file coords-v3.txt (compact mmCIF, C-alpha atoms)
# COMPACT_ATOMS: atom_id res chain seq x y z
CA MET A 1 -0.23 15.76 -17.51
CA ILE A 2 -1.19 14.58 -14.04
CA VAL A 3 -2.02 17.19 -11.42
CA ALA A 4 -2.66 16.11 -7.84
CA ILE A 5 -4.73 18.27 -5.54
CA ALA A 6 -3.52 17.53 -2.03
CA SER A 7 -3.22 19.07 1.43
CA GLY A 8 -1.79 18.25 4.78
CA LYS A 9 -4.88 19.27 6.69
CA GLY A 10 -8.23 17.69 5.90
CA GLY A 11 -11.24 19.81 5.05
CA THR A 12 -9.30 22.63 3.38
CA GLY A 13 -11.10 22.27 0.05
CA LYS A 14 -9.27 19.66 -2.05
CA THR A 15 -12.45 18.24 -3.52
CA THR A 16 -13.88 21.72 -4.08
CA VAL A 17 -10.76 22.71 -6.04
CA ALA A 18 -10.55 19.40 -7.92
CA VAL A 19 -14.21 19.37 -8.97
CA ASN A 20 -14.39 23.03 -10.00
CA LEU A 21 -11.08 22.83 -11.82
CA ALA A 22 -12.30 19.76 -13.72
CA LEU A 23 -15.51 21.56 -14.72
CA SER A 24 -13.50 24.59 -15.90
CA MET A 25 -11.37 22.68 -18.44
CA SER A 26 -11.98 23.39 -22.11
CA ALA A 27 -11.46 19.78 -23.18
CA ASP A 28 -12.07 16.27 -21.84
CA VAL A 29 -10.52 15.73 -18.42
CA GLN A 30 -10.19 12.83 -16.03
CA LEU A 31 -10.77 13.28 -12.33
CA LEU A 32 -9.45 10.45 -10.17
CA ASP A 33 -10.92 10.55 -6.68
CA CYS A 34 -8.12 8.84 -4.76
CA ASP A 35 -9.52 9.69 -1.34
CA VAL A 36 -10.68 6.08 -1.26
CA GLU A 37 -11.70 6.08 2.40
CA ALA A 38 -14.23 8.83 1.73
CA PRO A 39 -14.62 9.57 -2.00
CA ASN A 40 -16.93 12.57 -2.29
CA ALA A 41 -16.31 14.25 -5.66
CA HIS A 42 -19.29 12.25 -6.98
CA LEU A 43 -21.60 14.18 -4.62
CA PHE A 44 -20.93 17.34 -6.63
CA LEU A 45 -20.49 15.85 -10.11
CA ARG A 46 -23.37 13.37 -9.81
CA PRO A 47 -22.15 11.17 -12.67
CA ARG A 48 -23.96 8.14 -13.97
CA ILE A 49 -21.72 5.27 -12.82
CA ASP A 50 -21.21 3.04 -15.84
CA SER A 51 -18.67 0.56 -14.54
CA SER A 52 -17.57 -0.90 -11.25
CA ASP A 53 -14.60 -3.24 -10.92
CA THR A 54 -13.39 -5.07 -7.85
CA ALA A 55 -9.85 -4.23 -6.78
CA GLY A 56 -7.82 -6.28 -4.39
CA ILE A 57 -4.43 -7.32 -3.19
CA PRO A 58 -2.79 -10.68 -3.90
CA VAL A 59 -2.57 -12.78 -0.74
CA PRO A 60 -0.80 -16.14 -0.37
CA ILE A 61 -2.44 -19.54 -0.23
CA VAL A 62 -0.38 -22.41 1.17
CA ASP A 63 -0.63 -25.91 -0.23
CA PRO A 64 -0.35 -28.04 2.96
CA GLU A 65 0.78 -31.05 0.91
CA ARG A 66 3.88 -29.21 -0.29
CA CYS A 67 4.71 -27.02 2.74
CA ASN A 68 7.52 -28.62 4.76
CA GLY A 69 7.47 -25.95 7.47
CA CYS A 70 10.92 -24.54 6.64
CA GLY A 71 9.89 -21.03 7.72
CA GLU A 72 11.51 -19.08 4.84
CA CYS A 73 8.21 -17.30 4.16
CA SER A 74 7.58 -16.13 7.71
CA GLN A 75 11.18 -15.02 8.13
CA LEU A 76 10.80 -12.76 5.11
CA CYS A 77 7.37 -11.32 5.99
CA GLN A 78 7.70 -8.02 7.83
CA TYR A 79 3.99 -7.91 8.62
CA ASN A 80 3.57 -11.29 10.37
CA ALA A 81 0.99 -12.14 7.72
CA ILE A 82 2.40 -15.64 7.30
CA VAL A 83 3.75 -17.69 10.20
CA THR A 84 5.23 -21.16 10.38
CA LEU A 85 3.73 -23.36 13.05
CA ARG A 86 4.28 -27.05 13.76
CA SER A 87 1.34 -27.67 11.48
CA GLY A 88 2.97 -25.73 8.60
CA ALA A 89 2.64 -22.20 7.25
CA MET A 90 -0.52 -20.27 8.16
CA VAL A 91 -1.72 -17.09 6.46
CA PHE A 92 -3.44 -14.08 8.03
CA PRO A 93 -4.76 -12.32 4.91
CA GLU A 94 -5.88 -9.24 6.84
CA LEU A 95 -2.23 -8.51 7.75
CA CYS A 96 -0.87 -9.08 4.22
CA HIS A 97 0.36 -6.11 2.15
CA GLY A 98 0.47 -8.18 -1.04
CA CYS A 99 4.20 -7.93 -1.79
CA GLY A 100 4.41 -11.50 -3.10
CA GLY A 101 7.76 -12.11 -1.36
CA CYS A 102 6.68 -15.32 0.37
CA ILE A 103 5.82 -16.88 -2.98
CA ARG A 104 9.27 -16.09 -4.34
CA VAL A 105 11.26 -17.43 -1.37
CA CYS A 106 9.32 -20.67 -0.89
CA PRO A 107 11.76 -23.43 -1.95
CA GLU A 108 8.93 -25.96 -2.27
CA GLY A 109 6.71 -23.89 -4.56
CA ALA A 110 3.96 -24.42 -2.00
CA ILE A 111 2.55 -20.88 -2.11
CA SER A 112 0.26 -19.46 -4.76
CA GLU A 113 -1.78 -16.27 -4.59
CA LYS A 114 -5.35 -15.17 -4.93
CA LEU A 115 -6.90 -11.74 -5.00
CA ARG A 116 -8.46 -10.56 -1.75
CA PRO A 117 -10.99 -7.82 -2.59
CA ILE A 118 -10.43 -4.56 -0.72
CA GLY A 119 -12.70 -2.20 -2.66
CA VAL A 120 -14.03 -1.13 -6.03
CA VAL A 121 -13.00 1.26 -8.80
CA GLU A 122 -16.08 3.01 -10.18
CA GLN A 123 -16.28 5.09 -13.35
CA GLY A 124 -18.82 7.56 -14.62
CA ARG A 125 -19.17 10.71 -16.69
CA THR A 126 -20.56 14.21 -16.23
CA GLY A 127 -20.16 16.28 -19.40
CA ARG A 128 -16.47 16.54 -20.21
CA VAL A 129 -15.42 15.10 -16.86
CA ARG A 130 -14.64 11.40 -16.63
CA LEU A 131 -14.77 10.55 -12.93
CA LEU A 132 -13.00 7.51 -11.51
CA GLN A 133 -13.19 6.80 -7.85
CA GLY A 134 -11.91 4.18 -5.47
CA ARG A 135 -14.18 3.03 -2.70
CA LEU A 136 -12.40 1.11 0.06
CA ASN A 137 -14.42 -1.60 1.78
CA VAL A 138 -15.48 -0.74 5.33
CA GLY A 139 -12.97 -2.09 7.85
CA GLU A 140 -10.06 -2.20 5.40
CA SER A 141 -6.93 -0.34 6.42
CA LEU A 142 -4.81 -0.62 3.26
CA ALA A 143 -5.66 2.30 0.99
CA PRO A 144 -2.52 2.43 -1.23
CA PRO A 145 -3.22 -0.68 -3.36
CA LEU A 146 -6.68 0.68 -4.20
CA ILE A 147 -5.25 4.14 -4.94
CA ARG A 148 -2.77 2.51 -7.35
CA ALA A 149 -5.66 0.62 -8.95
CA VAL A 150 -7.53 3.90 -9.54
CA ARG A 151 -4.38 5.53 -10.94
CA SER A 152 -3.76 2.63 -13.32
CA HIS A 153 -6.73 4.00 -15.31
CA ALA A 154 -5.08 7.41 -15.87
CA ALA A 155 -5.35 8.36 -19.53
CA SER A 156 -2.28 9.65 -21.38
CA GLY A 157 -3.90 12.05 -23.84
CA THR A 158 -5.85 14.28 -21.46
CA VAL A 159 -5.34 16.30 -18.33
CA VAL A 160 -5.70 14.04 -15.29
CA LEU A 161 -6.64 15.59 -11.95
CA ILE A 162 -6.18 13.58 -8.77
CA ASP A 163 -8.18 14.36 -5.64
CA ALA A 164 -5.72 13.10 -3.02
CA PRO A 165 -6.45 11.96 0.52
CA PRO A 166 -5.41 14.37 3.29
CA GLY A 167 -2.26 14.01 5.36
CA THR A 168 1.29 13.13 4.42
CA SER A 169 1.28 9.38 5.04
CA CYS A 170 1.21 6.41 2.63
CA PRO A 171 -2.22 7.10 1.04
CA MET A 172 -1.27 10.70 0.20
CA ILE A 173 2.14 9.63 -1.12
CA SER A 174 0.49 6.92 -3.26
CA ALA A 175 -1.80 9.56 -4.75
CA VAL A 176 0.84 12.19 -5.58
CA ARG A 177 3.95 10.14 -6.45
CA GLY A 178 4.85 10.45 -10.12
CA CYS A 179 2.55 13.44 -10.74
CA ASP A 180 3.75 16.43 -12.78
CA LEU A 181 2.39 19.06 -10.41
CA VAL A 182 0.89 19.10 -6.94
CA ILE A 183 -1.55 21.82 -5.92
CA LEU A 184 -1.65 22.10 -2.14
CA VAL A 185 -4.89 23.51 -0.77
CA THR A 186 -4.71 25.25 2.57
CA GLU A 187 -6.52 27.76 4.72
CA PRO A 188 -4.90 30.84 6.29
CA THR A 189 -4.95 29.52 9.85
CA PRO A 190 -2.14 28.29 12.13
CA PHE A 191 -3.40 24.72 11.71
CA GLY A 192 -3.55 25.15 7.93
CA LEU A 193 -0.01 26.52 7.87
CA ASN A 194 1.38 23.74 10.07
CA ASP A 195 0.01 21.03 7.82
CA LEU A 196 0.83 22.91 4.61
CA ALA A 197 4.50 22.98 5.64
CA LEU A 198 4.43 19.20 6.24
CA ALA A 199 2.84 18.61 2.84
CA VAL A 200 5.38 20.88 1.10
CA GLU A 201 8.21 18.85 2.68
CA ALA A 202 6.63 15.59 1.52
CA VAL A 203 6.09 16.82 -2.05
CA ARG A 204 9.61 18.25 -2.27
CA ALA A 205 11.03 14.94 -1.04
CA LEU A 206 9.26 13.36 -4.02
CA GLY A 207 10.81 15.95 -6.34
CA ILE A 208 7.49 17.26 -7.67
CA PRO A 209 6.87 20.98 -8.33
CA CYS A 210 4.06 22.42 -6.24
CA GLY A 211 1.88 25.49 -5.92
CA VAL A 212 -0.67 26.59 -3.36
CA VAL A 213 -4.37 27.38 -3.33
CA VAL A 214 -5.50 29.42 -0.33
CA ASN A 215 -9.12 28.77 0.55
CA ARG A 216 -11.29 31.06 2.73
CA THR A 217 -8.97 34.00 2.16
CA GLY A 218 -9.95 36.83 4.48
CA THR A 219 -10.15 34.67 7.57
CA GLY A 220 -7.28 33.73 9.87
CA ASP A 221 -3.96 35.55 9.59
CA HIS A 222 -1.17 36.36 7.12
CA ARG A 223 1.25 33.63 8.04
CA VAL A 224 0.39 31.27 5.18
CA HIS A 225 1.10 34.07 2.70
CA GLU A 226 4.36 34.92 4.45
CA TYR A 227 5.39 31.26 4.45
CA CYS A 228 4.66 30.91 0.72
CA ALA A 229 6.67 34.04 -0.07
CA ALA A 230 9.61 32.85 2.03
CA GLN A 231 9.53 29.38 0.46
CA GLY A 232 9.13 30.65 -3.10
CA LEU A 233 5.77 28.89 -3.42
CA GLU A 234 3.36 30.40 -5.92
CA ILE A 235 -0.17 31.01 -4.70
CA MET A 236 -1.99 29.87 -7.82
CA LEU A 237 -5.49 30.72 -6.66
CA GLU A 238 -7.24 32.34 -3.71
CA ILE A 239 -10.84 31.49 -2.93
CA PRO A 240 -12.53 34.20 -0.87
CA ASP A 241 -14.32 33.49 2.38
CA ASP A 242 -17.91 33.88 1.19
CA ARG A 243 -21.05 32.57 2.84
CA ARG A 244 -22.58 31.74 -0.58
CA ILE A 245 -19.74 29.27 -1.18
CA ALA A 246 -20.47 27.46 2.08
CA GLU A 247 -24.16 27.39 1.31
CA ALA A 248 -23.58 26.01 -2.20
CA TYR A 249 -21.22 23.36 -0.83
CA ALA A 250 -23.74 22.32 1.81
CA ARG A 251 -26.33 21.81 -0.94
CA GLY A 252 -23.93 19.72 -3.04
CA LEU A 253 -23.60 22.46 -5.68
CA THR A 254 -20.36 23.37 -7.41
CA LEU A 255 -18.91 26.87 -7.06
CA VAL A 256 -18.75 27.46 -10.79
CA GLU A 257 -22.50 26.91 -11.06
CA ALA A 258 -23.53 28.66 -7.83
CA VAL A 259 -21.16 31.64 -7.55
CA PRO A 260 -20.65 33.31 -10.97
CA GLU A 261 -17.69 35.52 -10.04
CA ILE A 262 -15.70 32.42 -9.01
CA ARG A 263 -15.79 31.09 -12.59
CA PRO A 264 -12.97 33.23 -14.03
CA LEU A 265 -10.66 32.24 -11.16
CA PHE A 266 -11.00 28.53 -11.90
CA ALA A 267 -11.05 29.12 -15.66
CA GLY A 268 -7.71 30.93 -15.36
CA LEU A 269 -6.09 28.09 -13.42
CA ALA A 270 -7.60 25.48 -15.75
CA ALA A 271 -6.21 27.32 -18.78
CA ARG A 272 -2.76 27.44 -17.21
CA ILE A 273 -2.82 23.69 -16.56
CA GLU A 274 -3.99 23.00 -20.11
CA ALA A 275 -1.16 25.18 -21.41
CA MET A 276 1.35 23.28 -19.28
CA ALA A 277 -0.07 20.01 -20.60
CA ALA A 278 0.32 21.22 -24.19
CA MET A 279 3.94 22.27 -23.53
CA LYS A 280 4.62 18.97 -21.89
CA SER A 281 3.25 16.90 -24.76
CA VAL A 282 5.35 18.91 -27.25
CA ARG A 283 8.44 18.40 -25.11
CA SER A 284 7.86 14.68 -24.63
CA VAL A 285 7.29 14.09 -28.34
CA GLN A 286 10.51 15.95 -29.07
CA LYS A 287 12.31 13.94 -26.44
CA ASP A 288 11.43 10.30 -26.86
CA GLY A 289 7.85 9.97 -27.92
CA VAL A 290 6.44 8.94 -24.56
CA HIS A 291 7.00 10.78 -21.33
CA ALA A 292 7.98 8.31 -18.65
CA SER A 293 6.33 10.25 -15.84
CA LEU A 294 2.93 9.88 -17.49
CA ARG A 295 3.06 6.18 -16.76
CA VAL A 296 1.82 5.30 -13.31
CA PRO A 297 3.75 2.67 -11.38
CA VAL A 298 1.37 -0.16 -10.46
CA MET B 1 4.53 -31.31 29.71
CA LYS B 2 6.22 -28.24 28.26
CA VAL B 3 4.48 -25.00 29.27
CA VAL B 4 5.12 -21.45 28.11
CA VAL B 5 4.25 -18.70 30.60
CA THR B 6 4.24 -15.07 29.45
CA ALA B 7 6.47 -13.03 31.76
CA THR B 8 7.70 -9.54 32.51
CA GLY B 9 11.19 -10.85 33.39
CA GLU B 10 13.43 -13.84 32.86
CA GLY B 11 13.01 -16.03 35.96
CA LEU B 12 10.35 -18.16 37.61
CA ASP B 13 9.94 -15.44 40.24
CA SER B 14 9.18 -12.69 37.71
CA GLU B 15 5.64 -11.44 37.31
CA LEU B 16 3.37 -12.97 34.72
CA ASP B 17 2.78 -10.62 31.76
CA PRO B 18 -0.96 -10.56 31.07
CA ARG B 19 -0.35 -9.80 27.37
CA PHE B 20 0.46 -12.72 25.10
CA GLY B 21 1.81 -11.24 21.85
CA ARG B 22 3.54 -8.28 23.45
CA ALA B 23 4.81 -10.02 26.60
CA SER B 24 8.41 -9.08 27.50
CA SER B 25 9.50 -12.70 27.49
CA PHE B 26 8.37 -16.30 27.42
CA ILE B 27 9.42 -18.75 30.14
CA LEU B 28 9.49 -22.33 28.89
CA PHE B 29 8.94 -24.70 31.83
CA ASP B 30 9.06 -28.49 31.70
CA THR B 31 6.72 -29.83 34.41
CA GLU B 32 8.39 -33.26 34.38
CA THR B 33 12.07 -32.24 34.59
CA GLY B 34 11.69 -28.75 36.11
CA ASP B 35 13.92 -27.31 33.36
CA THR B 36 13.31 -23.65 32.53
CA LYS B 37 14.40 -21.45 29.68
CA ALA B 38 13.69 -17.74 29.11
CA VAL B 39 13.10 -16.50 25.58
CA ASP B 40 13.21 -12.81 24.74
CA ASN B 41 10.15 -11.46 22.89
CA SER B 42 11.42 -8.04 21.81
CA GLY B 43 10.35 -8.97 18.27
CA GLY B 44 6.76 -9.14 19.49
CA VAL B 45 7.02 -6.04 21.68
CA GLN B 46 8.24 -4.01 18.69
CA ALA B 47 6.12 -5.60 15.96
CA ALA B 48 4.13 -3.07 13.93
CA GLN B 49 1.34 -5.61 13.61
CA GLY B 50 0.74 -9.32 14.12
CA ALA B 51 2.52 -9.53 17.49
CA GLY B 52 0.24 -12.32 18.69
CA VAL B 53 0.68 -14.27 15.49
CA GLN B 54 4.46 -14.15 15.65
CA ALA B 55 4.35 -15.02 19.37
CA ALA B 56 2.39 -18.16 18.48
CA GLU B 57 5.14 -19.01 16.00
CA VAL B 58 7.80 -18.65 18.72
CA VAL B 59 5.82 -20.80 21.16
CA SER B 60 5.26 -23.43 18.47
CA ARG B 61 8.98 -23.53 17.70
CA LEU B 62 9.78 -23.99 21.41
CA GLY B 63 7.78 -27.21 21.34
CA ALA B 64 5.35 -26.09 24.04
CA GLU B 65 2.10 -27.97 24.50
CA CYS B 66 0.31 -25.22 26.36
CA VAL B 67 0.45 -21.47 27.01
CA VAL B 68 -0.40 -19.82 30.32
CA THR B 69 -1.12 -16.09 30.04
CA GLY B 70 -3.51 -13.33 31.05
CA HIS B 71 -5.35 -12.72 27.81
CA CYS B 72 -5.31 -14.03 24.26
CA GLY B 73 -6.69 -12.26 21.18
CA PRO B 74 -8.40 -13.73 18.12
CA LYS B 75 -5.50 -14.10 15.66
CA ALA B 76 -3.09 -15.46 18.28
CA PHE B 77 -5.76 -17.93 19.39
CA ARG B 78 -6.33 -19.12 15.83
CA ALA B 79 -2.60 -19.65 15.33
CA LEU B 80 -2.13 -21.49 18.64
CA GLN B 81 -5.13 -23.66 17.89
CA ALA B 82 -3.74 -24.53 14.46
CA ALA B 83 -0.46 -25.52 16.11
CA GLY B 84 -2.34 -27.73 18.58
CA ILE B 85 -1.29 -25.65 21.59
CA GLU B 86 -3.69 -25.35 24.53
CA VAL B 87 -4.34 -21.86 25.91
CA TYR B 88 -4.99 -21.03 29.55
CA THR B 89 -5.98 -17.42 30.24
CA GLY B 90 -6.73 -15.56 33.46
CA ALA B 91 -3.48 -16.51 35.23
CA SER B 92 -1.80 -14.04 37.59
CA GLY B 93 1.02 -13.64 40.12
CA THR B 94 4.54 -14.87 39.43
CA VAL B 95 5.50 -17.36 36.75
CA SER B 96 5.94 -20.18 39.30
CA GLU B 97 2.58 -19.34 40.87
CA ALA B 98 0.99 -19.51 37.42
CA VAL B 99 2.57 -22.93 36.88
CA GLU B 100 1.17 -24.06 40.25
CA GLN B 101 -2.27 -22.76 39.25
CA LEU B 102 -2.03 -24.84 36.09
CA LYS B 103 -0.91 -27.98 37.96
CA ALA B 104 -3.65 -27.55 40.56
CA GLY B 105 -6.22 -27.34 37.79
CA THR B 106 -7.52 -23.93 38.86
CA LEU B 107 -6.98 -22.39 35.41
CA GLU B 108 -9.63 -22.90 32.83
CA ARG B 109 -8.64 -23.91 29.35
CA ALA B 110 -9.74 -21.20 26.90
CA ALA B 111 -12.14 -22.39 24.22
CA ALA B 112 -12.08 -18.99 22.47
CA PRO B 113 -10.12 -15.72 22.52
CA ASP B 114 -11.04 -13.73 25.62
CA VAL B 115 -10.22 -10.27 24.23
CA GLY B 116 -10.39 -8.51 20.86
CA GLY B 117 -7.26 -7.64 18.91
CA HIS B 118 -5.16 -4.72 20.23
CA TRP B 119 -6.88 -4.82 23.61
CA ALA B 120 -3.97 -3.35 25.58

call {"tool": "encode", "arguments": {"input": "coords-v3.txt", "output": "structure tokens"}}
result
Amino acid sequence: MIVAIASGKGGTGKTTVAVNLALSMSADVQLLDCDVEAPNAHLFLRPRIDSSDTAGIPVPIVDPERCNGCGECSQLCQYNAIVTLRSGAMVFPELCHGCGGCIRVCPEGAISEKLRPIGVVEQGRTGRVRLLQGRLNVGESLAPPLIRAVRSHAASGTVVLIDAPPGTSCPMISAVRGCDLVILVTEPTPFGLNDLALAVEAVRALGIPCGVVVNRTGTGDHRVHEYCAAQGLEIMLEIPDDRRIAEAYARGLTLVEAVPEIRPLFAGLAARIEAMAAMKSVRSVQKDGVHASLRVPV
Amino acid sequence: MKVVVTATGEGLDSELDPRFGRASSFILFDTETGDTKAVDNSGGVQAAQGAGVQAAEVVSRLGAECVVTGHCGPKAFRALQAAGIEVYTGASGTVSEAVEQLKAGTLERAAAPDVGGHWA
């Protein structure tokens, strides 16, 4: 059971929801911090990092002895990452998306590939929470391959929570595609509503069921609630606007440790997700033994 | 010598385009025969990325020995250098004026890119 916590707008509370939900589970849980440009769940979970693996994308290397300058590779490349000059094919690794197409079309077998590091996947544990996070190297622009690398570690026997990057572009899609449920965190403001609607469209286009968490309830207006009612979107949790929450967050504390009356709210949502996971595993065993959607495309 | 000048139009009297990778067109000019040929660069204008790199590929395919333009960024410069094509930056006016500047020796051959990527 993979649940992505996403949002259109940044700063609505994705990490807050993901971390507190993870800490409220009754069994082992994985939390994948896929906001690889700014992973921050570790600030609240403070795990001991026990492994760190380099992740990268395969980029082409041209053997000048075998390249005859035919240009098949550069014709195929949509990113101008490989061009054919009078001197032969030349690679610009920083433009390469790692599709491997040039290698396949080269009639001379002149192109091989090597991994160009773009970041690391780090793992650590805090109690029942196994945290995995991607950390994109400074200056890199390609987040999706690293997000896929983080997701390739998703376990099949436990609940997996994904802290997704904000927005509705490629990184967000890479983080939520193939999940069983997306929880969209928003705030009851016009900006929050605008970006929630964009995120709902994106998630529906992917065919994934979604629910909403409204953060800082009590501020703003009623339009997010009206939108959810009109769209048939369940508001799964509302987090009140409370100064103690902001203060705890600013100190790097979790809500479940700092604000006692928040605990039952997250415990209730966590229990629902665990129940869904149990139902799902029963169904998938009945069906064909392994549920296809639990496997992450790499 | 075959020269490519970056241009905003298709003739010798059109204005030089100061951008290399995203120039509207390339005018190929043969200084010995006076032959000219205009090549459309809409591929470069519309490229999501790597416009300069693909422009270098076009220039290389045209058989040019040097490029006369306004500015040249780092990746385009690397590609042109690898293809053995000389780069002259800082040209202005019309295409034919830029060719005259080259012939008169008033343009300096670029030893390095003169702008960063995505400068315009």

call {"tool": "interface_residues", "arguments": {"input": "coords-v3.txt", "of": "chain B", "to": "chain A", "cutoff": "10 Å", "atoms": "only C-alpha atoms", "output": "list of chain:residue names"}}
result
B:Gly44, B:Ala47, B:Ala48, B:Gln49, B:Gly50, B:Ala51, B:Gly52, B:Val53, B:Gln54, B:Ala55, B:Ala56, B:Glu57, B:Val58, B:Val59, B:Ser60, B:Arg61, B:Leu62, B:Gly63, B:Lys75, B:Arg78, B:Ala79, B:Leu80, B:Gln81, B:Ala82, B:Ala83, B:Gly84, B:Ile85

call {"tool": "atom_distance", "arguments": {"input": "coords-v3.txt", "atom1": "CA of Ile57 in chain A", "atom2": "CA of Gln133 in chain A"}}
result
17.3 Å

call {"tool": "atom_distance", "arguments": {"input": "coords-v3.txt", "atom1": "CA of Ser51 in chain A", "atom2": "CA of Ile162 in chain A"}}
result
18.9 Å

call {"tool": "residues_around", "arguments": {"input": "coords-v3.txt", "residues": "Leu102 in chain B", "least_positions_apart": "5", "cutoff": "9 Å", "atoms": "only C-alpha atoms", "output": "list of chain:residue names"}}
result
B:Val68, B:Tyr88, B:Ala91, B:Glu97, B:Leu107, B:Glu108

call {"tool": "residues_around", "arguments": {"input": "coords-v3.txt", "residues": "Pro264 in chain A", "least_positions_apart": "4", "cutoff": "12 Å", "atoms": "only C-alpha atoms", "output": "JSON, numbers by chain"}}
result
{"A": [20, 21, 23, 24, 25, 237, 238, 239, 255, 256, 257, 259, 260, 268, 269, 270, 271]}

call {"tool": "residues_around", "arguments": {"input": "coords-v3.txt", "residues": "Thr219 in chain A", "least_positions_apart": "5", "cutoff": "12 Å", "atoms": "all atoms listed in the file", "output": "count of residues only"}}
result
13

call {"tool": "atom_distance", "arguments": {"input": "coords-v3.txt", "atom1": "CA of Gly124 in chain A", "atom2": "CA of Ile49 in chain A"}}
result
4.1 Å

call {"tool": "residues_around", "arguments": {"input": "coords-v3.txt", "residues": "Glu72 in chain A", "least_positions_apart": "6", "cutoff": "9 Å", "atoms": "all atoms listed in the file", "output": "PyMOL selection string"}}
result
chain A and resi 84+102+105-107

call {"tool": "decode", "arguments": {"input": "coords-v3.txt", "residues": "range 13-18 of chain B", "atoms": "all heavy atoms", "output": "CSV table (one decimal), in the first residue's frame"}}
result
chain,number,residue,atom,x,y,z
B,13,ASP,N,21.4,41.6,-46.7
B,13,ASP,CA,21.0,42.9,-46.2
B,13,ASP,C,20.2,42.8,-44.9
B,13,ASP,O,19.8,43.8,-44.3
B,13,ASP,CB,20.3,43.7,-47.2
B,13,ASP,CG,19.0,43.0,-47.7
B,13,ASP,OD1,18.9,41.7,-47.4
B,13,ASP,OD2,18.2,43.6,-48.3
B,14,SER,N,19.9,41.6,-44.4
B,14,SER,CA,19.2,41.4,-43.1
B,14,SER,C,20.2,41.7,-42.0
B,14,SER,O,21.4,41.6,-42.1
B,14,SER,CB,18.5,40.1,-43.0
B,14,SER,OG,19.5,39.0,-43.2
B,15,GLU,N,19.5,42.0,-40.8
B,15,GLU,CA,20.3,42.3,-39.7
B,15,GLU,C,21.0,41.1,-39.1
B,15,GLU,O,20.4,40.0,-39.1
B,15,GLU,CB,19.5,43.0,-38.6
B,15,GLU,CG,19.0,44.4,-38.9
B,15,GLU,CD,20.2,45.4,-38.8
B,15,GLU,OE1,20.9,45.4,-37.8
B,15,GLU,OE2,20.3,46.2,-39.8
B,16,LEU,N,22.2,41.3,-38.6
B,16,LEU,CA,22.8,40.2,-37.8
B,16,LEU,C,22.0,39.9,-36.6
B,16,LEU,O,21.6,40.8,-35.9
B,16,LEU,CB,24.3,40.6,-37.5
B,16,LEU,CG,25.1,39.6,-36.7
B,16,LEU,CD1,26.5,39.4,-37.4
B,16,LEU,CD2,25.2,39.9,-35.3
B,17,ASP,N,21.8,38.6,-36.3
B,17,ASP,CA,21.2,38.2,-35.0
B,17,ASP,C,22.3,37.9,-34.0
B,17,ASP,O,23.2,37.1,-34.2
B,17,ASP,CB,20.4,36.9,-35.2
B,17,ASP,CG,19.4,36.7,-34.1
B,17,ASP,OD1,19.7,36.9,-32.9
B,17,ASP,OD2,18.3,36.2,-34.4
B,18,PRO,N,22.3,38.7,-32.9
B,18,PRO,CA,23.4,38.6,-31.9
B,18,PRO,C,23.4,37.2,-31.2
B,18,PRO,O,24.4,36.8,-30.6
B,18,PRO,CB,23.1,39.7,-30.9
B,18,PRO,CG,21.7,40.0,-31.1
B,18,PRO,CD,21.3,39.7,-32.5
